[in-house]
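K.L.:
Sharing a structure here in structure tokens format.
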Amino acid sequence: MSEVRFRTQEIGSLAKPSWRVKTFAGRPLEDQDIEEAGRWGKQLDVDGHEELVEGLRSNSLSREQVDDWAAIYALRLLETAGLDVVYDGEQRRTEMYDHVAAFADGFEARGIVRSFDNKYYAKAAVVEPPSVTGPQDVEEYQFVREHTDRIVKVPLTGAYTMEDWSYDEHYSHEGALGGSAERRYEGRRRFVVDVARNVILPNVGGLVLAGAEWIQIDEPAATTKPDEVPLVVQGFNEATRGVEAKKSMHICFSDYSALWPHVLELEDCLELQLEFANRDSRELGTREEDRPGYADTLRLFKEHGYPNVGLGVLDIHSDFVEPAELVRDRILYAAEVLQDPSRIQVNPDCGLRTRSWDVVYEKLVNMVEGTRLAERELNRAHAAPSIR
Amino acid sequence: MELKAYAPGIYPRSEALVQATRDLDRGRTSREAVDRQVESDLGELVGVQERAGLSLLCDGMLAWQDHFRPLAERSDGLDARPLTRFLDTNTFIRAVLVEGEPRLSEPVPAPALPGGRWLATLPSPLAFSRATNGAASAQLLAANVLAPQIEAYAEAGGSLIVLSDPFMARERAVKELLGSLAELPTSVPLALQLPFGDAGPVLDELAAAPVQAIGIDFYSTSLEALPSGYPKEVMAGVIDVRSSALESPEEIGRFVEGLSARNPAGISLSPNGDLQFVPEPIAREKIARLGRSQTALEEVA
């Protein structure tokens, strides 16, 4: 058996540095914002970070330059933490839904609605079949590619999530009152297919043409309506059809039991990167009762044999820094259940944008260290002579 | 015919109130300033409903974060903590933890609205139980929390209590719900509203519920699913709170004609759930159109 080596990867967003946020909001920078730029520049050994500090101090940088620096800082953070697969922490994007809705034709902003407590999000309506005149994220990708030698994975918002998070003023509005469930479903299906074919696929095609080797489709809404999981699958397949690149899907904070057997129809999907740690215990251990957040879903991966798993080992909603030993035990448990370490890669539950860079860095360093501990354990076990 | 219309549930906050609550979270404003903005929003909302000619007024539950939290916070044995997706919406509630026998210790204050002219919205006992992940039964929550809250509203001049239940149409746990509704007082009329689900399969059994009206989401339920001669008033969800598209009073009128032909015991008009699922300017216009639909239908009759 070949030596076990897990790939460590990010999932998507990181928080934007205060100097980036304030620059784009048109708010004046304070000394501490500039000090942060200097501190992280030194800690991450960012080439030429003194230019950024000076530019921020003299207010002489364009927004584009500030965006470039934010992307470089995010890349260096992920690289310095030791990740194998990186991106730019989505530093140039407003937010995963708005990034697409504001770019594509066919959507109109409608205002803000509450997500929970005093937290709100912007929502758009689809008013005609969505389309784009060209790929959206090629320049973003090219910048990343030019500034790292690591594996690059490009995160893109999925068609189903765009559909589920939008108001529908086009596909099934007319005759909706008192109409049938079948009619509503068909309207949603057409919306998903149009976004997949006419918004996401052109972007994927442009990215791959520019050299992108790996596309991650993000579908946090995947199981919001469990009977519509087939639409999630159709959206993925339509958005990546004919594309010669690695393809994977990220889903989080969802009822994963609704995914199978439908996800068996995902075409050429390398893995599902899922959130697990959020629902797990923080105690060490590799028995089933030690890992309540992992057991049920990993059994589905084992039972169905497809696809592979991107194992979420960091809770992105908590400042709790997972010890490397906890990461190790989560991976070892997954390896035990799946009986095939090659089906596992290691990542945070989701994008880490809600956490400070200090917390993120500590978490990621421990994630990588815990992964190495798990590899050592597994390789030692395989190397040991069997005892009869 | 007299055709009543209401807009129960949580109403969206104005952009000014959203900003005030954000500022409060960031320590940039005071609780008193937020309270003043809530009062201002309430005044606007009452004006919107009065201009629309709605039959009863609602306070929009502007200070409620979700349907459960104020009740949990005012009850012994309950606490609201883990963030949990609220059914098939892109919104979240704080699931209710049960840490002892639930008992309402201090009712939520009644809305500051003219006595005899307002309705209030509460979770149905089944919905409340589901918010505890079943840790407290619907019957227990009905008897110990919802019943005293309903009594308090009745004493303060409430004319109707709408019990919101987005779980029933999905789970079809009719017996469990009916058993719990029996624990509620009869001092004020009750309506059971079933947002965001196909109510068709449970309507026959719910005819036995001790409520005056059944609220049906007609954007999730086909008209044909309503049994002919239904013995309860149908609170028809004709305004889609999950769509930014504005309903046409003419389309609502045609729909109500079809509904009338099925001869239910009564008809009232409402949104199909909480208007908080659309931004406030859209919600305001939807209420106006609800009122125009009501007026047009009354004139025809």
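Scheme for the structure tokens: letters A, B, ... for chains in order shown; per-chain residue numbers from 1; ligand numbers from 1 in order shown.
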I'd like the contact shell of A:Val193 - 9 Å cut-off, only C-alpha atoms, skipping same-chain residues fewer than 2 positions apart - returned as a short mmCIF file (atom, residue, chain, number, x, y, z; two decimals) with N, CA and C atoms, in the first residue's frame.
P.N.:
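File written: out.cif
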```
data_model
loop_
_atom_site.label_atom_id
_atom_site.label_comp_id
_atom_site.auth_asym_id
_atom_site.auth_seq_id
_atom_site.Cartn_x
_atom_site.Cartn_y
_atom_site.Cartn_z
N ALA A 159 -25.63 26.91 -9.18
CA ALA A 159 -26.87 27.36 -9.81
C ALA A 159 -28.06 27.20 -8.87
N TYR A 160 -28.10 26.10 -8.11
CA TYR A 160 -29.26 25.90 -7.25
C TYR A 160 -29.30 26.95 -6.15
N ARG A 188 -38.75 26.23 -11.11
CA ARG A 188 -37.47 26.28 -10.42
C ARG A 188 -36.41 25.52 -11.22
N ARG A 189 -36.83 24.41 -11.84
CA ARG A 189 -35.87 23.64 -12.63
C ARG A 189 -35.36 24.48 -13.81
N ARG A 190 -36.24 25.19 -14.47
CA ARG A 190 -35.81 25.99 -15.62
C ARG A 190 -34.87 27.11 -15.18
N PHE A 191 -35.15 27.69 -14.01
CA PHE A 191 -34.29 28.74 -13.46
C PHE A 191 -32.89 28.18 -13.21
N VAL A 195 -29.35 29.33 -15.17
CA VAL A 195 -28.18 29.87 -14.46
C VAL A 195 -26.96 29.00 -14.75
N ALA A 196 -27.17 27.68 -14.68
CA ALA A 196 -26.04 26.77 -14.89
C ALA A 196 -25.45 26.93 -16.29
N ARG A 197 -26.33 26.92 -17.29
CA ARG A 197 -25.84 26.95 -18.68
C ARG A 197 -25.37 28.34 -19.11
N ASN A 198 -26.08 29.35 -18.68
CA ASN A 198 -25.85 30.68 -19.26
C ASN A 198 -25.09 31.65 -18.37
N LEU A 231 -32.34 18.85 -8.45
CA LEU A 231 -32.03 20.10 -9.17
C LEU A 231 -30.60 20.55 -8.88
N GLN A 234 -28.54 18.45 -11.15
CA GLN A 234 -28.67 18.90 -12.53
C GLN A 234 -27.91 20.20 -12.75
N GLY A 235 -27.97 21.10 -11.79
CA GLY A 235 -27.25 22.37 -11.89
C GLY A 235 -25.75 22.15 -11.99
N GLU A 238 -24.92 20.55 -15.49
CA GLU A 238 -25.06 21.51 -16.59
C GLU A 238 -23.95 22.56 -16.55
N ALA A 239 -23.55 22.96 -15.34
CA ALA A 239 -22.55 24.03 -15.20
C ALA A 239 -21.14 23.57 -15.51
#
```
K.L.:
For the interface of chain A with chain B (cut-off 8 Å, counting only C-alpha atoms), please tabulate each contacting residue of chain A alongside its nearest pair of atoms and their separation in Å to one decimal, rows sorted by chain and increasing number, as a tab-separated table.
P.N.:
```
residue	atom	partner	partner_atom	distance
A:Arg110	CA	B:Pro279	CA	7.2
A:Gly111	CA	B:Pro279	CA	5.5
A:Ile112	CA	B:Pro279	CA	5.5
A:Val113	CA	B:Pro279	CA	5.5
A:Arg114	CA	B:Thr91	CA	7.0
A:Ser115	CA	B:Thr91	CA	4.4
A:Phe116	CA	B:Phe92	CA	5.2
A:Asp117	CA	B:Gln65	CA	5.3
A:Asn118	CA	B:Thr21	CA	6.2
A:Lys119	CA	B:Arg22	CA	7.8
A:Ala125	CA	B:Ser244	CA	7.0
A:Trp165	CA	B:Asn90	CA	6.9
A:Tyr167	CA	B:Ser243	CA	5.4
A:Asp168	CA	B:Ser243	CA	6.4
A:Glu169	CA	B:Ala245	CA	5.5
A:His173	CA	B:Ala245	CA	7.3
A:Ala176	CA	B:Tyr219	CA	6.0
A:Leu177	CA	B:Tyr219	CA	5.1
A:Gly178	CA	B:Ser222	CA	4.4
A:Gly179	CA	B:Ser222	CA	5.1
A:Ser180	CA	B:Ser222	CA	5.3
A:Ala181	CA	B:Ser220	CA	6.6
A:Ala221	CA	B:Asn90	CA	7.7
A:Thr224	CA	B:Asp88	CA	4.7
A:Lys225	CA	B:Asp88	CA	5.4
```
K.L.:
Please produce a file of those selected residues containing N, CA and C atoms, as a JSON list (two decimals), in the first residue's frame.
P.N.:
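Listed below is the output, selection.json:
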```
[["chain", "number", "residue", "atom", "x", "y", "z"],
["A", 110, "ARG", "N", -33.38, 43.78, -4.90],
["A", 110, "ARG", "CA", -34.68, 44.08, -4.32],
["A", 110, "ARG", "C", -34.61, 44.63, -2.89],
["A", 111, "GLY", "N", -33.48, 44.49, -2.23],
["A", 111, "GLY", "CA", -33.38, 45.02, -0.87],
["A", 111, "GLY", "C", -32.81, 43.98, 0.08],
["A", 112, "ILE", "N", -32.97, 44.25, 1.37],
["A", 112, "ILE", "CA", -32.38, 43.36, 2.37],
["A", 112, "ILE", "C", -33.48, 42.64, 3.15],
["A", 113, "VAL", "N", -33.17, 41.40, 3.51],
["A", 113, "VAL", "CA", -34.07, 40.61, 4.36],
["A", 113, "VAL", "C", -33.26, 40.00, 5.49],
["A", 114, "ARG", "N", -33.98, 39.67, 6.58],
["A", 114, "ARG", "CA", -33.26, 39.18, 7.75],
["A", 114, "ARG", "C", -32.82, 37.74, 7.55],
["A", 115, "SER", "N", -31.61, 37.44, 7.94],
["A", 115, "SER", "CA", -31.12, 36.08, 7.99],
["A", 115, "SER", "C", -31.39, 35.51, 9.38],
["A", 116, "PHE", "N", -30.95, 36.21, 10.42],
["A", 116, "PHE", "CA", -31.27, 35.85, 11.80],
["A", 116, "PHE", "C", -30.88, 37.04, 12.68],
["A", 117, "ASP", "N", -31.48, 37.09, 13.86],
["A", 117, "ASP", "CA", -31.19, 38.15, 14.83],
["A", 117, "ASP", "C", -31.19, 39.52, 14.12],
["A", 118, "ASN", "N", -30.08, 40.23, 14.21],
["A", 118, "ASN", "CA", -29.98, 41.52, 13.53],
["A", 118, "ASN", "C", -29.09, 41.44, 12.29],
["A", 119, "LYS", "N", -29.01, 40.25, 11.73],
["A", 119, "LYS", "CA", -28.18, 40.03, 10.54],
["A", 119, "LYS", "C", -29.08, 39.96, 9.29],
["A", 125, "ALA", "N", -34.02, 39.71, -7.46],
["A", 125, "ALA", "CA", -35.07, 38.96, -8.16],
["A", 125, "ALA", "C", -34.59, 38.63, -9.56],
["A", 165, "TRP", "N", -31.87, 31.37, -3.47],
["A", 165, "TRP", "CA", -31.70, 32.62, -2.73],
["A", 165, "TRP", "C", -32.25, 33.84, -3.49],
["A", 167, "TYR", "N", -35.49, 35.89, -5.51],
["A", 167, "TYR", "CA", -36.92, 35.96, -5.77],
["A", 167, "TYR", "C", -37.13, 35.60, -7.24],
["A", 168, "ASP", "N", -38.28, 35.02, -7.52],
["A", 168, "ASP", "CA", -38.61, 34.65, -8.90],
["A", 168, "ASP", "C", -39.73, 35.55, -9.42],
["A", 169, "GLU", "N", -39.37, 36.45, -10.29],
["A", 169, "GLU", "CA", -40.39, 37.29, -10.92],
["A", 169, "GLU", "C", -40.52, 36.93, -12.40],
["A", 173, "HIS", "N", -43.92, 33.01, -11.77],
["A", 173, "HIS", "CA", -44.75, 34.01, -11.09],
["A", 173, "HIS", "C", -46.19, 33.98, -11.61],
["A", 176, "ALA", "N", -49.09, 31.53, -10.26],
["A", 176, "ALA", "CA", -48.58, 30.83, -9.08],
["A", 176, "ALA", "C", -49.67, 30.64, -8.03],
["A", 177, "LEU", "N", -50.59, 31.59, -7.94],
["A", 177, "LEU", "CA", -51.63, 31.53, -6.90],
["A", 177, "LEU", "C", -52.58, 30.38, -7.18],
["A", 178, "GLY", "N", -52.60, 29.42, -6.27],
["A", 178, "GLY", "CA", -53.48, 28.27, -6.42],
["A", 178, "GLY", "C", -52.98, 27.24, -7.41],
["A", 179, "GLY", "N", -51.74, 27.41, -7.92],
["A", 179, "GLY", "CA", -51.19, 26.50, -8.93],
["A", 179, "GLY", "C", -50.68, 25.20, -8.32],
["A", 180, "SER", "N", -50.23, 24.30, -9.19],
["A", 180, "SER", "CA", -49.81, 22.98, -8.73],
["A", 180, "SER", "C", -48.35, 22.97, -8.31],
["A", 181, "ALA", "N", -48.00, 21.98, -7.47],
["A", 181, "ALA", "CA", -46.61, 21.82, -7.04],
["A", 181, "ALA", "C", -45.72, 21.48, -8.23],
["A", 221, "ALA", "N", -27.20, 25.91, -0.23],
["A", 221, "ALA", "CA", -28.66, 25.74, -0.16],
["A", 221, "ALA", "C", -29.09, 24.33, -0.57],
["A", 224, "THR", "N", -31.93, 22.62, 1.29],
["A", 224, "THR", "CA", -32.95, 23.48, 1.90],
["A", 224, "THR", "C", -34.34, 22.92, 1.62],
["A", 225, "LYS", "N", -34.56, 22.49, 0.41],
["A", 225, "LYS", "CA", -35.82, 21.81, 0.05],
["A", 225, "LYS", "C", -35.41, 20.40, -0.38]]
```
K.L.:
Find the spatial neighbours of A:Val4, counting only C-alpha atoms, within a cut-off of 9 Å - ignore same-chain residues fewer than 5 positions away - and output them as a count of residues only.
P.N.:
6
K.L.:
Assign secondary structure with DSSP using the backbone only, and return the residues of stretch 73-180 of chain B in strand (DSSP E) as a PyMOL selection string.
P.N.:
chain B and resi 75-85+92-104+118-123+158-164
K.L.:
Excluding stretch 256-267 of chain A and residues on its chain fewer than 3 positions from it, collect all residues at most 8 Å away from it, counting only C-alpha atoms, and give them as a list in words.
P.N.:
Thr223, Pro226, Val229, Pro230, Val233, Gln234, Phe236, Asn237, Thr297, Leu300, His304, Tyr306 and Pro307 of chain A
K.L.:
Which distance in Å separates atom CA of A:Glu336 and atom CA of A:Asp349, to one decimal?
P.N.:
20.0 Å
K.L.:
Separation of atom CA of A:Ile34 and atom CA of A:Glu54, in Å?
P.N.:
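Separation between atom CA of A:Ile34 and atom CA of A:Glu54: 8.7 Å.
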K.L.:
Write out as a ChimeraX atom specification each polymer residue whose atoms come within 6 Å of stretch 365-372 of chain A, counting only C-alpha atoms; drop sequence neighbours fewer than 6 positions from it.
P.N.:
/A:81,324-325,327-328
K.L.:
Can you spit out the residues from that selection as a compact mmCIF listing (two decimals), in the first residue's frame, using N, CA and C atoms?
P.N.:
```
# COMPACT_ATOMS: atom_id res chain seq x y z
N ALA A 81 0.34 28.91 6.43
CA ALA A 81 -0.27 27.92 7.34
C ALA A 81 0.03 26.51 6.86
N ALA A 324 -4.35 20.17 17.26
CA ALA A 324 -3.94 19.27 16.18
C ALA A 324 -4.39 17.84 16.47
N GLU A 325 -4.40 17.48 17.74
CA GLU A 325 -4.78 16.10 18.09
C GLU A 325 -6.26 15.84 17.80
N VAL A 327 -7.96 17.35 15.34
CA VAL A 327 -7.99 17.21 13.88
C VAL A 327 -7.54 15.79 13.51
N ARG A 328 -6.45 15.37 14.12
CA ARG A 328 -5.94 14.01 13.86
C ARG A 328 -7.02 12.96 14.10
```
K.L.:
Using only C-alpha atoms, which of B:Val256, B:Leu275, B:Leu163, B:Leu178 sits nearest B:Gly60?
P.N.:
B:Leu275
K.L.:
So which residues touch B:Glu155 within 10 Å, counting only C-alpha atoms, skipping near sequence neighbours fewer than 4 positions away, as a PDB file with C-alpha atoms, in the first residue's frame?
P.N.:
```pdb
ATOM      1  CA  ALA B 110     -49.757  43.087  24.437  1.00  0.00           C
ATOM      2  CA  GLY B 115     -58.418  47.410  22.118  1.00  0.00           C
ATOM      3  CA  GLN B 149     -49.967  34.094  26.837  1.00  0.00           C
ATOM      4  CA  ILE B 150     -53.249  33.854  24.943  1.00  0.00           C
ATOM      5  CA  GLU B 151     -55.172  34.721  28.119  1.00  0.00           C
ATOM      6  CA  SER B 159     -59.654  39.944  18.881  1.00  0.00           C
ATOM      7  CA  SER B 187     -61.703  33.303  25.414  1.00  0.00           C
ATOM      8  CA  VAL B 188     -60.552  34.649  22.055  1.00  0.00           C
TER       9      VAL B 188
END
```
K.L.:
Might you pull out every residue within 8 Å of A:Pro155, with only C-alpha atoms counted and same-chain residues fewer than 2 positions away left off, and present them as a PyMOL selection string?
P.N.:
chain A and resi 11-12+153+157+215-218
K.L.:
May I have the selected residues written with N, CA and C atoms, as a PDB file, in the first residue's frame?
P.N.:
```pdb
ATOM      1  N   ILE A  11     -11.557  26.381   1.678  1.00  0.00           N
ATOM      2  CA  ILE A  11     -12.861  26.216   1.055  1.00  0.00           C
ATOM      3  C   ILE A  11     -13.282  27.471   0.300  1.00  0.00           C
ATOM      4  N   GLY A  12     -12.966  28.645   0.809  1.00  0.00           N
ATOM      5  CA  GLY A  12     -13.407  29.837   0.078  1.00  0.00           C
ATOM      6  C   GLY A  12     -13.036  31.116   0.790  1.00  0.00           C
ATOM      7  N   LYS A 153      -7.691  26.101  -6.478  1.00  0.00           N
ATOM      8  CA  LYS A 153      -9.076  25.627  -6.630  1.00  0.00           C
ATOM      9  C   LYS A 153      -9.970  26.863  -6.652  1.00  0.00           C
ATOM     10  N   THR A 157     -20.205  30.060  -6.965  1.00  0.00           N
ATOM     11  CA  THR A 157     -21.531  29.820  -6.400  1.00  0.00           C
ATOM     12  C   THR A 157     -22.355  28.971  -7.367  1.00  0.00           C
ATOM     13  N   ILE A 215     -12.374  23.328 -10.261  1.00  0.00           N
ATOM     14  CA  ILE A 215     -13.528  24.184 -10.017  1.00  0.00           C
ATOM     15  C   ILE A 215     -14.323  23.600  -8.854  1.00  0.00           C
ATOM     16  N   GLN A 216     -14.602  24.442  -7.860  1.00  0.00           N
ATOM     17  CA  GLN A 216     -15.432  24.023  -6.724  1.00  0.00           C
ATOM     18  C   GLN A 216     -16.777  24.739  -6.825  1.00  0.00           C
ATOM     19  N   ILE A 217     -17.852  23.976  -6.930  1.00  0.00           N
ATOM     20  CA  ILE A 217     -19.193  24.554  -6.982  1.00  0.00           C
ATOM     21  C   ILE A 217     -19.762  24.589  -5.563  1.00  0.00           C
ATOM     22  N   ASP A 218     -20.100  25.788  -5.095  1.00  0.00           N
ATOM     23  CA  ASP A 218     -20.607  25.953  -3.726  1.00  0.00           C
ATOM     24  C   ASP A 218     -22.128  25.921  -3.728  1.00  0.00           C
TER      25      ASP A 218
END
```
K.L.:
Pick the closest to A:Gln339 from A:Lys123, A:Arg380, A:Arg353, A:Lys302: which is it, counting only C-alpha atoms?
P.N.:
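The shortest atom-to-atom distance to A:Gln339 comes from A:Lys302.
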K.L.:
As an NGL selection string, please: every residue in stretch 57-255 of chain A that a backbone DSSP assignment puts in alpha helix (DSSP H).
P.N.:
:A and (57-58 or 63-81 or 96-101 or 138-146 or 159-164 or 181-195 or 201-209 or 229-240)
K.L.:
Which distance in Å separates atom CA of A:Ala15 and atom CA of A:Asp319, to one decimal?
P.N.:
13.6 Å
